[in-house]
Structure formats: C-alpha cells, structure tokens
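Presented below is the structure to which this report refers.
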Amino acid sequence: MDVWKLARELGADIVFFTPEEFTNKDGMYYKELNLICLNVLSSAKRQENVVYHEIGHHAYGHQHFDINSKIYSLKQEAEANRYMIKQRADEWLSAYDWEPEYIDIDSFLSFFEIDDHLYDLAEDVFHDILGWALLSKMS
C-alpha cells in the first residue's frame, strides 16, 4: 500500500519543515495532534521511511510520556523501526518472481536509504519473513 495513502487513512496530517525551524531530524510525530512532520530537505525515500516509522508507533499503540525511561523509549523506537523495515522488506521482495536465494542486507539498506546501524534489525526482519538465514554481508 502507498505510504501516503496509509497515513491519510489513519487520519494523520503531514506537514513539511526546514531543519532550522526544529531539528536536523528527517521527521517527527506529534501523537496528540496526529501530525507527522517531515524534513523538506530529506530525500523522498527517507521521508517515506519516516512516515512508515511513525505509522509503526501508531500500529504498536505507543504513548509518549515525559516520565518514560530511556529503555522504554528505545524499545518503542526499535518497534517503529521494525515496522518501517518490514514495509520496505515487503516492497524489496515484491520485485522477485521467486523466493530469492539470499538477501544482500547492505544493498537493501542502501537502496531505501536506511541507516546502517539498523543492519541487524533488517537481518532479523528478513529472517522472520523468509524463515531462513541465507543472508549475505558484503565484504
């Protein structure tokens, strides 16, 4: 499904900002306003990643409280990243007419402009989808 359409179906408004207005992040979500803010200078792929990530927060029913612990916050971010990567993995795999013999995680991350620090999470997602561990790292 188109990420923009999905966001609209969930009732989220999307606005764009320039980094000097808020932050150097690619985007943010304000649950109380159901508002996704995207960095106008980020690429289209990175903007889509942010929308998927923020929809992931919604899908998991995450709440933000000022009293949240760092561990709780990291757990929520990992779940939202997993959701984003799952959507991108489904898109990646849809290009195949057959089940691929291996997945090059580095190529996947590069294609979708996903940060390298999410390599292990991407590997886990593909393993969950495909049920096998024929994943390759580029040397």
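Within each chain, counting starts at residue 1; across the structure tokens, chains are named A, B, ... in the order shown, with ligands numbered 1 upward in that order.
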
Could you make a table, as a tab-separated table, of the residues of segment 40-104 of chain A that have an atom within 9 Å of an atom of segment 110-124 of chain A, each with its nearest atom pair and distance in Å to one decimal, counting only C-alpha atoms, in chain and number order?
residue	atom	partner	partner_atom	distance
A:Ser43	CA	A:Glu113	CA	8.7
A:Lys45	CA	A:Phe112	CA	6.1
A:Arg46	CA	A:Glu113	CA	6.2
A:Asn49	CA	A:Ile114	CA	7.7
A:Ala78	CA	A:Leu121	CA	8.3
A:Asn81	CA	A:Leu118	CA	8.1
A:Arg82	CA	A:Leu121	CA	6.8
A:Ile85	CA	A:Ala122	CA	6.2
A:Lys86	CA	A:Ala122	CA	8.0
A:Arg88	CA	A:Phe112	CA	7.4
A:Ala89	CA	A:Ala122	CA	8.1
A:Ile103	CA	A:Glu123	CA	8.7

Going by DSSP on the backbone, which bits of segment 16-63 of chain A are strand (DSSP E or B)? Write them as an NGL selection string, please. :A and (16-17 or 27-30 or 35-39)

Could you pull out the residues in chain A that DSSP calls helix (DSSP H, G or I) from the backbone, as a ChimeraX atom specification? /A:3-9,19-21,31-33,44-59,70-93,105-111,116-130

Restrict the selected residues to C-alpha atoms and save them as an mmCIF file, in the first residue's frame.
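Below is the file out28.cif, written as the result:
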data_model
loop_
_atom_site.group_PDB
_atom_site.id
_atom_site.type_symbol
_atom_site.label_atom_id
_atom_site.label_comp_id
_atom_site.auth_asym_id
_atom_site.auth_seq_id
_atom_site.Cartn_x
_atom_site.Cartn_y
_atom_site.Cartn_z
ATOM 1 C CA VAL A 3 2.577 5.014 2.496
ATOM 2 C CA TRP A 4 0.994 8.421 1.918
ATOM 3 C CA LYS A 5 -2.438 6.875 1.425
ATOM 4 C CA LEU A 6 -1.987 4.773 4.552
ATOM 5 C CA ALA A 7 -1.118 7.865 6.589
ATOM 6 C CA ARG A 8 -4.229 9.650 5.300
ATOM 7 C CA GLU A 9 -6.414 6.614 6.092
ATOM 8 C CA PRO A 19 15.701 21.931 9.580
ATOM 9 C CA GLU A 20 16.428 25.331 11.078
ATOM 10 C CA GLU A 21 12.821 25.512 12.260
ATOM 11 C CA LYS A 31 0.519 11.951 18.574
ATOM 12 C CA GLU A 32 -1.740 14.461 20.333
ATOM 13 C CA LEU A 33 -2.093 16.317 17.023
ATOM 14 C CA ALA A 44 11.651 11.099 -0.874
ATOM 15 C CA LYS A 45 12.798 7.657 0.314
ATOM 16 C CA ARG A 46 13.883 8.976 3.700
ATOM 17 C CA GLN A 47 10.594 10.875 4.031
ATOM 18 C CA GLU A 48 8.708 7.654 3.293
ATOM 19 C CA ASN A 49 10.846 5.843 5.874
ATOM 20 C CA VAL A 50 9.816 8.442 8.453
ATOM 21 C CA VAL A 51 6.133 8.028 7.585
ATOM 22 C CA TYR A 52 6.413 4.231 7.891
ATOM 23 C CA HIS A 53 8.309 4.630 11.173
ATOM 24 C CA GLU A 54 5.684 6.971 12.610
ATOM 25 C CA ILE A 55 2.856 4.708 11.429
ATOM 26 C CA GLY A 56 4.732 1.965 13.286
ATOM 27 C CA HIS A 57 4.388 3.959 16.503
ATOM 28 C CA HIS A 58 0.656 4.181 15.796
ATOM 29 C CA ALA A 59 0.376 0.474 14.917
ATOM 30 C CA LYS A 70 15.334 5.627 28.215
ATOM 31 C CA ILE A 71 14.885 1.844 27.890
ATOM 32 C CA TYR A 72 11.155 2.202 27.208
ATOM 33 C CA SER A 73 11.848 4.866 24.603
ATOM 34 C CA LEU A 74 14.487 2.689 22.903
ATOM 35 C CA LYS A 75 12.024 -0.223 22.827
ATOM 36 C CA GLN A 76 9.392 1.954 21.146
ATOM 37 C CA GLU A 77 11.897 3.240 18.595
ATOM 38 C CA ALA A 78 13.053 -0.319 17.815
ATOM 39 C CA GLU A 79 9.455 -1.439 17.265
ATOM 40 C CA ALA A 80 8.728 1.512 14.973
ATOM 41 C CA ASN A 81 11.951 0.831 13.054
ATOM 42 C CA ARG A 82 10.975 -2.833 12.733
ATOM 43 C CA TYR A 83 7.616 -1.784 11.249
ATOM 44 C CA MET A 84 9.334 0.536 8.749
ATOM 45 C CA ILE A 85 11.866 -2.111 7.748
ATOM 46 C CA LYS A 86 9.111 -4.743 7.377
ATOM 47 C CA GLN A 87 7.239 -2.469 4.950
ATOM 48 C CA ARG A 88 10.414 -1.825 2.984
ATOM 49 C CA ALA A 89 11.346 -5.533 3.015
ATOM 50 C CA ASP A 90 7.935 -6.427 1.599
ATOM 51 C CA GLU A 91 8.486 -3.837 -1.126
ATOM 52 C CA TRP A 92 12.004 -5.206 -1.816
ATOM 53 C CA LEU A 93 10.776 -8.788 -2.041
ATOM 54 C CA ILE A 105 21.220 -6.501 3.528
ATOM 55 C CA ASP A 106 23.741 -3.787 2.636
ATOM 56 C CA SER A 107 22.136 -3.332 -0.791
ATOM 57 C CA PHE A 108 18.668 -3.254 0.784
ATOM 58 C CA LEU A 109 19.701 -0.597 3.309
ATOM 59 C CA SER A 110 21.435 1.466 0.637
ATOM 60 C CA PHE A 111 18.512 1.273 -1.803
ATOM 61 C CA ASP A 116 23.484 1.235 8.608
ATOM 62 C CA HIS A 117 23.024 0.924 12.371
ATOM 63 C CA LEU A 118 19.740 -0.885 11.591
ATOM 64 C CA TYR A 119 21.564 -3.714 9.787
ATOM 65 C CA ASP A 120 20.894 -6.340 12.482
ATOM 66 C CA LEU A 121 17.241 -5.372 12.713
ATOM 67 C CA ALA A 122 16.865 -5.620 8.927
ATOM 68 C CA GLU A 123 18.512 -9.032 9.013
ATOM 69 C CA ASP A 124 16.048 -10.155 11.716
ATOM 70 C CA VAL A 125 13.088 -8.876 9.700
ATOM 71 C CA PHE A 126 14.142 -10.747 6.563
ATOM 72 C CA HIS A 127 14.738 -13.872 8.619
ATOM 73 C CA ASP A 128 11.218 -13.566 10.070
ATOM 74 C CA ILE A 129 9.702 -13.094 6.617
ATOM 75 C CA LEU A 130 11.637 -15.775 4.774
#

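Interatomic distance, atom CA of Gly11 of chain A to atom CA of Cys37 of chain A: 13.9 Å.
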
Contacts of segment 12-18 of chain A at 8 Å (only C-alpha atoms; same-chain gap of 6+ positions) as a ChimeraX atom specification: /A:34-41

Could you save the residues just selected, with N, CA, C and O atoms, as a PDB file, in the first residue's frame?
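Result file out.pdb:
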ATOM      1  N   ASN A  34      -1.878  14.143  15.940  1.00  0.00           N
ATOM      2  CA  ASN A  34      -1.878  13.195  14.824  1.00  0.00           C
ATOM      3  C   ASN A  34      -1.194  13.836  13.621  1.00  0.00           C
ATOM      4  O   ASN A  34      -1.723  13.858  12.511  1.00  0.00           O
ATOM      5  N   LEU A  35       0.012  14.342  13.881  1.00  0.00           N
ATOM      6  CA  LEU A  35       0.741  15.142  12.905  1.00  0.00           C
ATOM      7  C   LEU A  35       2.131  14.552  12.672  1.00  0.00           C
ATOM      8  O   LEU A  35       2.894  14.354  13.613  1.00  0.00           O
ATOM      9  N   ILE A  36       2.432  14.252  11.412  1.00  0.00           N
ATOM     10  CA  ILE A  36       3.758  13.799  11.015  1.00  0.00           C
ATOM     11  C   ILE A  36       4.455  14.968  10.343  1.00  0.00           C
ATOM     12  O   ILE A  36       3.931  15.560   9.396  1.00  0.00           O
ATOM     13  N   CYS A  37       5.628  15.308  10.870  1.00  0.00           N
ATOM     14  CA  CYS A  37       6.417  16.415  10.329  1.00  0.00           C
ATOM     15  C   CYS A  37       7.616  15.840   9.589  1.00  0.00           C
ATOM     16  O   CYS A  37       8.346  15.020  10.144  1.00  0.00           O
ATOM     17  N   LEU A  38       7.807  16.246   8.354  1.00  0.00           N
ATOM     18  CA  LEU A  38       8.889  15.732   7.523  1.00  0.00           C
ATOM     19  C   LEU A  38       9.844  16.845   7.127  1.00  0.00           C
ATOM     20  O   LEU A  38       9.423  17.947   6.772  1.00  0.00           O
ATOM     21  N   ASN A  39      11.115  16.526   7.168  1.00  0.00           N
ATOM     22  CA  ASN A  39      12.162  17.453   6.764  1.00  0.00           C
ATOM     23  C   ASN A  39      12.086  17.629   5.244  1.00  0.00           C
ATOM     24  O   ASN A  39      12.227  16.671   4.490  1.00  0.00           O
ATOM     25  N   VAL A  40      11.863  18.830   4.801  1.00  0.00           N
ATOM     26  CA  VAL A  40      11.714  19.126   3.383  1.00  0.00           C
ATOM     27  C   VAL A  40      13.001  18.831   2.607  1.00  0.00           C
ATOM     28  O   VAL A  40      12.963  18.575   1.400  1.00  0.00           O
ATOM     29  N   LEU A  41      14.150  18.835   3.290  1.00  0.00           N
ATOM     30  CA  LEU A  41      15.425  18.597   2.631  1.00  0.00           C
ATOM     31  C   LEU A  41      15.792  17.117   2.528  1.00  0.00           C
ATOM     32  O   LEU A  41      16.746  16.759   1.849  1.00  0.00           O
TER      33      LEU A  41
END

Could you tell me how far atom CA of Gln63 of chain A sits from atom CA of Tyr29 of chain A, in Å to one decimal place?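 Pair atom CA of Tyr29 of chain A / atom CA of Gln63 of chain A returns 11.3 Å.
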
When you draw a straight line from atom CA of Leu10 of chain A to atom CA of Asn24 of chain A, how long is it in Å?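 Interatomic distance, atom CA of Leu10 of chain A to atom CA of Asn24 of chain A: 26.0 Å.
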